[in-house]
Structures are given as C-alpha cells and as structure tokens.
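Have a look at model.txt; it's compact mmCIF, C-alpha atoms:
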# COMPACT_ATOMS: atom_id res chain seq x y z
CA MET A 214 65.59 145.92 80.09
CA ASN A 215 61.85 145.32 79.84
CA LEU A 216 59.50 144.17 82.58
CA THR A 217 59.31 140.52 81.50
CA GLU A 218 63.07 140.30 81.49
CA PHE A 219 63.19 141.95 84.91
CA TRP A 220 60.70 139.45 86.33
CA HIS A 221 62.69 136.60 84.83
CA MET A 222 65.86 137.55 86.80
CA GLY A 223 68.04 135.67 84.35
CA GLY A 224 66.30 132.40 85.21
CA TYR A 225 66.55 132.86 88.99
CA ALA A 226 63.07 134.39 89.43
CA LEU A 227 61.90 131.77 91.96
CA TYR A 228 64.92 132.27 94.21
CA VAL A 229 65.22 136.04 93.95
CA TRP A 230 61.53 136.81 94.42
CA SER A 231 61.04 134.24 97.18
CA SER A 232 63.89 135.92 99.06
CA PHE A 233 62.79 139.51 98.54
CA GLY A 234 59.07 138.70 98.89
CA VAL A 235 59.38 136.94 102.22
CA THR A 236 61.76 139.60 103.56
CA ALA A 237 59.34 142.39 102.58
CA ALA A 238 56.37 140.50 104.03
CA PHE A 239 58.12 140.01 107.36
CA MET A 240 59.39 143.58 107.68
CA VAL A 241 56.10 145.22 106.67
CA GLY A 242 54.15 142.64 108.67
CA GLU A 243 56.18 143.44 111.78
CA LEU A 244 55.23 147.12 111.53
CA VAL A 245 51.53 146.34 110.93
CA LEU A 246 51.52 143.95 113.89
CA LEU A 247 53.15 146.53 116.19
CA ARG A 248 50.59 149.19 115.25
CA ARG A 249 47.73 146.79 115.93
CA GLN A 250 49.24 145.70 119.24
CA ARG A 251 49.56 149.32 120.34
CA LYS A 252 45.90 149.95 119.58
CA GLU A 253 44.88 146.79 121.43
CA THR A 254 46.99 147.70 124.45
CA LEU A 255 45.48 151.19 124.68
CA ASP A 256 41.96 149.79 124.21
CA ARG A 257 42.52 147.26 126.98
CA LEU A 258 43.95 149.86 129.36
CA ARG A 259 40.89 152.02 128.69
CA ARG A 260 38.53 149.13 129.40
CA ILE A 261 40.33 148.41 132.68
CA ARG A 262 40.05 152.08 133.60
CA ASP A 263 36.32 152.13 132.80
CA ILE A 264 35.72 149.08 134.99
CA GLU A 265 37.69 150.53 137.88
CA THR A 266 36.07 153.98 137.82
CA MET B 105 74.53 166.18 137.69
CA SER B 106 74.46 169.86 138.38
CA SER B 107 74.86 172.25 135.50
CA GLY B 108 74.80 172.18 131.76
CA GLY B 109 72.94 169.91 129.36
CA PRO B 110 70.07 167.52 129.96
CA ASN B 111 70.35 164.83 132.59
CA TRP B 112 70.59 161.69 130.46
CA PHE B 113 70.09 159.39 133.44
CA LYS B 114 66.58 160.64 133.68
CA TYR B 115 65.81 158.69 130.48
CA ALA B 116 66.59 155.45 132.29
CA SER B 117 63.13 155.77 133.78
CA PRO B 118 60.33 154.26 131.67
CA MET B 119 58.16 157.33 132.30
CA ALA B 120 60.74 159.67 130.76
CA PHE B 121 61.76 157.28 128.01
CA TYR B 122 58.23 156.60 126.74
CA PRO B 123 57.68 160.06 125.17
CA LEU B 124 61.33 160.28 124.07
CA ALA B 125 60.97 156.97 122.19
CA GLY B 126 57.83 158.32 120.55
CA ARG B 127 59.67 161.41 119.36
CA LEU B 128 62.63 159.34 118.11
CA ILE B 129 60.57 156.95 115.96
CA PRO B 130 60.08 159.33 112.96
CA TRP B 131 63.81 160.09 112.97
CA PHE B 132 64.45 156.44 112.18
CA ALA B 133 61.30 155.71 110.16
CA VAL B 134 62.09 158.28 107.47
CA PRO B 135 65.69 157.03 106.93
CA ALA B 136 64.37 153.45 106.95
CA VAL B 137 61.97 154.17 104.08
CA VAL B 138 64.41 156.33 102.09
CA LEU B 139 67.37 153.96 102.50
CA THR B 140 65.23 150.93 101.61
CA ALA B 141 64.07 152.66 98.42
CA ILE B 142 67.62 153.65 97.46
CA GLY B 143 68.98 150.23 98.45
CA LEU B 144 66.40 148.34 96.38
CA TYR B 145 67.01 150.60 93.39
CA MET B 146 70.75 149.96 93.64
CA THR B 147 70.14 146.22 94.14
CA PHE B 148 68.11 145.81 90.96
CA PHE B 149 69.10 148.66 88.65
CA VAL B 150 72.60 149.84 89.52
CA ALA B 151 74.53 146.77 90.66
CA PRO B 152 75.63 144.80 87.58
CA VAL B 153 74.89 141.12 86.97
CA ASP B 154 77.51 138.86 88.53
CA TYR B 155 79.44 137.01 85.87
CA ARG B 156 79.30 133.68 87.71
CA GLN B 157 76.15 133.84 89.82
CA GLY B 158 73.91 135.78 87.43
CA ASP B 159 71.02 137.63 89.05
CA ALA B 160 70.82 135.19 92.00
CA TYR B 161 73.64 137.06 93.73
CA ARG B 162 71.26 140.01 94.26
CA ILE B 163 69.85 137.95 97.15
CA MET B 164 73.13 138.81 98.93
CA PHE B 165 72.00 142.42 99.30
CA ILE B 166 69.37 141.30 101.82
CA HIS B 167 71.06 138.13 103.06
CA VAL B 168 74.26 139.77 104.31
CA PRO B 169 72.60 142.80 106.01
CA ALA B 170 70.03 140.49 107.64
CA ALA B 171 72.80 138.22 108.93
CA TRP B 172 74.79 141.18 110.26
CA MET B 173 71.70 142.58 111.99
CA SER B 174 70.87 139.16 113.48
CA MET B 175 74.25 139.14 115.25
CA TRP B 176 74.37 142.85 116.08
CA LEU B 177 70.87 142.87 117.59
CA TYR B 178 71.76 139.83 119.68
CA ILE B 179 74.75 141.73 121.10
CA CYS B 180 72.52 144.77 121.79
CA MET B 181 69.94 142.53 123.49
CA ALA B 182 72.67 140.88 125.60
CA VAL B 183 74.14 144.25 126.64
CA TYR B 184 70.71 145.47 127.77
CA ALA B 185 70.10 142.15 129.52
CA ALA B 186 73.45 142.52 131.33
CA LEU B 187 72.59 146.06 132.39
CA GLY B 188 69.24 144.80 133.63
CA LEU B 189 70.95 142.09 135.66
CA VAL B 190 73.75 144.20 137.09
CA VAL B 191 72.43 147.76 137.37
CA ARG B 192 68.82 146.56 137.70
CA THR B 193 67.33 149.36 135.64
CA ARG B 194 63.89 148.25 134.54
CA LEU B 195 64.17 149.99 131.20
CA SER B 196 67.22 147.88 130.25
CA SER B 197 65.28 144.65 130.62
CA MET B 198 62.40 146.19 128.67
CA MET B 199 64.79 147.11 125.83
CA ALA B 200 66.23 143.58 125.82
CA GLN B 201 62.67 142.27 125.57
CA ALA B 202 61.86 144.74 122.76
CA ILE B 203 64.86 143.86 120.59
CA ALA B 204 64.45 140.05 120.66
CA PRO B 205 61.57 139.62 118.14
CA THR B 206 63.24 141.85 115.53
CA GLY B 207 66.53 140.01 116.02
CA ALA B 208 64.76 136.68 115.59
CA MET B 209 63.08 137.98 112.43
CA PHE B 210 66.38 139.02 110.85
CA THR B 211 67.90 135.66 111.82
CA PHE B 212 65.05 133.89 110.06
CA ILE B 213 65.43 136.15 107.00
CA ALA B 214 69.18 135.41 106.88
CA LEU B 215 68.48 131.65 106.96
CA TRP B 216 65.60 131.85 104.48
CA THR B 217 67.43 133.97 101.89
CA GLY B 218 70.53 131.83 102.42
CA ALA B 219 68.51 128.75 101.49
CA PHE B 220 67.10 130.41 98.39
CA TRP B 221 70.60 131.41 97.32
CA GLY B 222 72.12 128.08 98.30
CA LYS B 223 69.72 125.99 96.23
CA PRO B 224 70.74 127.39 92.81
CA MET B 225 74.40 128.03 93.78
CA TRP B 226 75.33 125.03 95.94
CA GLY B 227 72.55 122.72 94.79
CA ALA B 228 71.23 122.39 98.36
CA TRP B 229 68.72 124.33 100.45
CA TRP B 230 70.62 123.46 103.57
CA VAL B 231 73.93 121.93 104.68
CA TRP B 232 75.04 121.25 108.26
CA ASP B 233 78.03 123.51 107.90
CA ALA B 234 79.41 125.45 110.88
CA ARG B 235 78.21 128.85 109.67
CA LEU B 236 74.65 127.71 108.90
CA THR B 237 74.36 125.58 112.03
CA SER B 238 75.58 128.34 114.37
CA GLU B 239 73.16 130.81 112.74
CA LEU B 240 70.33 128.30 113.29
CA ILE B 241 71.41 128.06 116.95
CA LEU B 242 71.14 131.86 117.09
CA LEU B 243 67.50 131.59 116.00
CA PHE B 244 66.87 128.98 118.72
CA LEU B 245 68.55 131.28 121.28
CA TYR B 246 66.27 134.18 120.34
CA ILE B 247 63.22 131.90 120.51
CA GLY B 248 64.47 130.45 123.81
CA VAL B 249 64.94 133.90 125.36
CA MET B 250 61.42 134.94 124.32
CA ALA B 251 59.83 131.65 125.36
CA LEU B 252 61.54 131.65 128.76
CA ARG B 253 60.25 135.17 129.43
CA ALA B 254 56.75 134.21 128.32
CA ALA B 255 56.77 131.14 130.58
CA ILE B 256 57.43 133.09 133.80
CA ASP B 257 54.59 135.15 135.25
CA ASP B 258 56.63 137.20 137.70
CA THR B 259 58.11 140.03 135.60
CA ARG B 260 61.30 140.50 137.60
CA ARG B 261 62.07 136.80 137.59
CA ALA B 262 61.30 136.67 133.87
CA ASP B 263 63.74 139.57 133.34
CA ARG B 264 66.46 137.76 135.25
CA ALA B 265 65.99 134.30 133.72
CA SER B 266 65.71 135.46 130.11
CA GLY B 267 68.50 137.98 130.66
CA LEU B 268 70.79 135.24 131.91
CA LEU B 269 70.02 133.03 128.91
CA ALA B 270 70.61 135.96 126.54
CA LEU B 271 73.94 136.63 128.22
CA VAL B 272 75.12 133.02 128.10
CA GLY B 273 74.08 132.73 124.46
CA VAL B 274 76.24 135.65 123.40
CA VAL B 275 79.22 133.26 123.06
CA ASN B 276 77.49 132.00 119.92
CA VAL B 277 77.99 135.33 118.12
CA PRO B 278 81.79 135.10 117.71
CA ILE B 279 81.31 131.42 116.85
CA ILE B 280 79.06 132.46 113.94
CA TYR B 281 81.44 135.20 112.87
CA TYR B 282 84.63 133.12 112.94
CA SER B 283 83.01 129.81 111.93
CA VAL B 284 84.19 130.25 108.35
CA GLN B 285 87.80 130.49 109.58
CA TRP B 286 87.72 127.93 112.37
CA TRP B 287 86.04 125.19 110.38
CA ASN B 288 86.15 124.07 106.81
CA THR B 289 82.79 125.41 105.72
CA LEU B 290 80.87 125.40 102.47
CA HIS B 291 79.81 128.94 103.35
CA GLN B 292 82.28 131.43 101.96
CA GLY B 293 84.50 133.61 104.13
CA ALA B 294 83.94 137.28 104.83
CA SER B 295 84.21 139.58 101.82
CA ILE B 296 84.44 142.63 104.01
CA SER B 297 86.71 143.06 107.00
CA MET B 298 88.03 145.86 109.14
CA THR B 299 91.65 145.11 108.30
CA ALA B 300 91.73 144.48 104.55
CA ALA B 301 90.25 145.96 101.40
CA PRO B 302 86.89 144.41 100.52
CA THR B 303 87.01 141.74 97.85
CA MET B 304 84.07 143.12 95.90
CA SER B 305 83.33 146.03 93.66
CA ARG B 306 82.67 149.44 95.09
CA ILE B 307 79.06 149.56 93.89
CA MET B 308 78.25 146.18 95.49
CA LEU B 309 79.84 147.33 98.74
CA TRP B 310 77.79 150.54 98.76
CA THR B 311 74.57 148.66 98.04
CA LEU B 312 75.30 146.31 100.95
CA LEU B 313 75.98 149.25 103.26
CA VAL B 314 72.82 151.13 102.24
CA MET B 315 70.69 148.02 102.82
CA THR B 316 72.42 147.42 106.16
CA PHE B 317 71.60 150.93 107.38
CA ALA B 318 68.04 150.52 106.08
CA PHE B 319 67.63 147.33 108.14
CA TRP B 320 69.28 148.99 111.13
CA ALA B 321 66.86 151.91 110.96
CA HIS B 322 63.99 149.42 110.71
CA ALA B 323 65.29 147.71 113.86
CA PHE B 324 65.36 151.05 115.69
CA VAL B 325 61.77 151.81 114.66
CA THR B 326 60.37 148.42 115.64
CA SER B 327 62.35 148.21 118.90
CA LEU B 328 61.20 151.67 119.97
CA MET B 329 57.59 150.91 119.01
CA ARG B 330 57.72 147.62 120.89
CA VAL B 331 59.36 149.06 124.00
CA ARG B 332 56.59 151.69 124.19
CA GLY B 333 54.04 148.89 124.25
CA ILE B 334 56.04 147.02 126.89
CA ILE B 335 56.29 150.17 129.04
CA LEU B 336 52.51 150.68 128.87
CA GLU B 337 51.85 147.07 129.85
CA ARG B 338 54.33 146.94 132.69
CA GLU B 339 53.69 150.43 134.09
CA ARG B 340 49.92 150.28 133.68
CA HIS B 341 49.38 150.89 137.41
CA ALA B 342 51.40 154.10 137.32
CA GLU B 343 49.66 157.44 137.45
CA TRP B 344 51.22 158.79 134.26
CA VAL B 345 50.00 155.84 132.17
CA ALA B 346 46.46 156.43 133.40
CA GLU B 347 46.74 160.09 132.48
CA MET B 348 48.11 159.24 129.06
CA VAL B 349 45.35 156.72 128.41
CA ASP B 350 42.84 159.46 129.23
CA GLU B 351 44.50 161.89 126.84
CA THR B 352 44.57 159.54 123.87
CA LYS B 353 40.83 158.88 123.95

Could the structure of this file be written out as structure tokens, please?
Amino acid sequence: MNLTEFWHMGGYALYVWSSFGVTAAFMVGELVLLRRQRKETLDRLRRIRDIET
Amino acid sequence: MSSGGPNWFKYASPMAFYPLAGRLIPWFAVPAVVLTAIGLYMTFFVAPVDYRQGDAYRIMFIHVPAAWMSMWLYICMAVYAALGLVVRTRLSSMMAQAIAPTGAMFTFIALWTGAFWGKPMWGAWWVWDARLTSELILLFLYIGVMALRAAIDDTRRADRASGLLALVGVVNVPIIYYSVQWWNTLHQGASISMTAAPTMSRIMLWTLLVMTFAFWAHAFVTSLMRVRGIILERERHAEWVAEMVDETK
C-alpha cells in the first residue's frame, strides 16, 4: 500500500480524515488549553499575592 | 483508621489530593500516548478492510470508544455529584466539575464521527432516531450542567444546582444504551455485550478495546489536570496554595 492509496481510503478519504482529524484536534487541543489555563491561573494567583503583600 | 496502610480518606481533602493528582498524571499520560499509537496503527494497518463498508468502517474505532466514554464519564460525573450532594465533600463536586468538559468533548466526537460515517453508509448526516437523539440530549445535559454552574456565583450553590441536574440527567444513559432495543432505530444494535460472544472479528474487537483504554487514559489525564486548576481557584485563600504559588515562581 503506497501513500496515495492510504490517503485515498478506498474513496472514503473525506469521511475518514474528517473524523480522525477533528477527534485529534479536540483531544490535543484540550491538553494545550489545560496547560495554558494552568499557567494563567498561577500567574493570576501570583499577581493577587503581589498586590496584597 | 489506626494501623496499617495509608489513610485514604485524607485524599478527600483538596490539599492532599492536589499533589497526589499531580503525581498520578504521568501514570495515565504515558499509557494514553502509547495506547493511542498502538490503537491508530491497528486501526489503519492491522485491521482489514470491511467487505461491505470499505475503509469507512475504520471511523468506528474512534466512534464507538468516544460514545462509550461519553456515557461512562457522565456516570462518573453523576456519582461524584451525588457524593458532593450527600456526603458534602468539596473534592467530589470539584471532580464532577472537572469531568464534565471531557465528557462533553467525547459526546461531540461520537456525534461528529457518527455523522461522517452515516453520510456514506446511510446516505444521511443525521436522522432523528432514538440512539442519535438520546446521545444529542446527553450533549445538551453536559452543556446544561456546565452552564448552570457557570451561571451561579456562589460556589456551594453552584455545586448543588449543577450536581442535581447531573444526577437527574443520569436516567438518559440507560436510555441511550437500550435505545437500539427499545425502539426501532436506524442505528445498529450493540456488537459487543457482556452476555454473548461479540459479533465481530477478534482483531477489530482488540482495536476497539485499545482505543477505548487510550481515550479512558486521556480522560484521566485531562480530569486530573482540570481538577488541579479548580482546586487552585477554589482554595486560593488557603495557606498551602499561597505557599505553593511562592514555590513555583
């Protein structure tokens, strides 16, 4: 099986890759978002601390 | 609790659970990555082409695990919500809050991949069949639980209101599961059950299971990450959070 054939997915390329692409985007995106939120939360808590002290 | 072994109840406190969750995350992150890699390899290179559905059936290897996780995570969220309501442990409500977005995501993925399988196989992106409709209601329940929490400023009232909605909505889970038996649906019945041999080849079954455990591990990672954020936000006035914020600078 070559790469072009693989991409073609027996004529179902649109359906297969839309499914796997969106799933991957959501799952990876969720992790990226959580990392960013953690950084933002810690930054905000530090800012609050700096104001209060 | 007197002698022998750690006191597990101590982890019901957010302060004790926060570092534990941090230590647990890699133990689920590594399996999540490894199982996803193995699962995708099996999906595309090991599982044979289906003689009727061609390569489109490979969508099932994410559709079915996502649908299972959407229901399973709802049950987990509801159990934590119930504990929060009855036992009133703060951590339970925080866990319920942490699971909801991941559950909603898997529900959306199940619907999305279902549509992209349904179009070439049924000739329709969507039908108002009992299985599809009850799964859509599950998505609305997740969104409702999150929106209700977001709409209430007082944290304890938000816990109670969203917990109650999560608990009431749990009746929808058996409706989704049995919908294909109770109603005449376009959606096919279960291919795997606890009581009978699965009606699919061994390799397809294994691929499904590997992908399911990959998604499950992902859910553990994201729920633990999210609950750590929730703990920081909600316990921000506590001494230990202040100390931790100082340390991480």

Can you tell me, as a compact mmCIF listing (two decimals) with C-alpha atoms, in the coordinates of the input, what residues are no more than 8 Å from Tyr228 (chain A) when counting only C-alpha atoms, ignoring any on the same chain fewer than 6 positions away?
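The resulting file, result_35.txt, is reproduced below:
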# COMPACT_ATOMS: atom_id res chain seq x y z
CA ALA B 160 70.82 135.19 92.00
CA PHE B 220 67.10 130.41 98.39
CA TRP B 221 70.60 131.41 97.32
CA PRO B 224 70.74 127.39 92.81

Next on the checklist: If the cut-off is 9 Å, can you tell me the residues of chain A near chain B, counting all atoms listed in the file? I'd like them as a ChimeraX atom specification.
Outcome noted: /A:219,222-233,235-236,239-240,243-244,247-248,250-251,254-256,258-259,262

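One distance worth recording is that between CA of Arg257 (chain A) and CA of Glu343 (chain B), which is 16.3 Å.
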
Item to check | Shell around Val274 (chain B) at 9 Å using all atoms listed in the file, local window under 6 positions removed, as a VMD selection string | outcome: chain B and resid 178 to 179 182 242

Close residues, region 129-133 of chain B itself excluded, 6 Å, all atoms listed in the file, min 3 positions apart in chain, as an mmCIF file with C-alpha atoms, in the frame of the given file:
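The resulting file, result10.cif, is reproduced below:
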data_model
loop_
_atom_site.group_PDB
_atom_site.id
_atom_site.type_symbol
_atom_site.label_atom_id
_atom_site.label_comp_id
_atom_site.auth_asym_id
_atom_site.auth_seq_id
_atom_site.Cartn_x
_atom_site.Cartn_y
_atom_site.Cartn_z
ATOM 1 C CA GLY B 126 57.830 158.320 120.550
ATOM 2 C CA ALA B 136 64.370 153.450 106.950
ATOM 3 C CA ALA B 321 66.860 151.910 110.960
ATOM 4 C CA VAL B 325 61.770 151.810 114.660
#

Checklist entry - Hey, what's within 10 Å of Ser238 (chain B) if we count all atoms listed in the file and toss same-chain stuff fewer than 5 positions away? As number ranges by chain, please? => result B: 232-233, 243-244, 276-281, 283

Checklist entry - So what do you get for CA of Ala208 (chain B) versus CA of Ser174 (chain B), distance-wise? => result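 Value for the CA of Ala208 (chain B)-CA of Ser174 (chain B) distance: 6.9 Å.
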
Checklist entry - Quick one, how far is CA of Thr299 (chain B) from CA of Leu236 (chain B)? => result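 Result for CA of Thr299 (chain B) versus CA of Leu236 (chain B): 24.3 Å, one decimal.
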
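Ranking B:Tyr184, B:Trp172, B:Trp344, B:Trp310 by their shortest atom-to-atom distance to Glu239 (chain B), with only C-alpha atoms included, puts B:Trp172 first.
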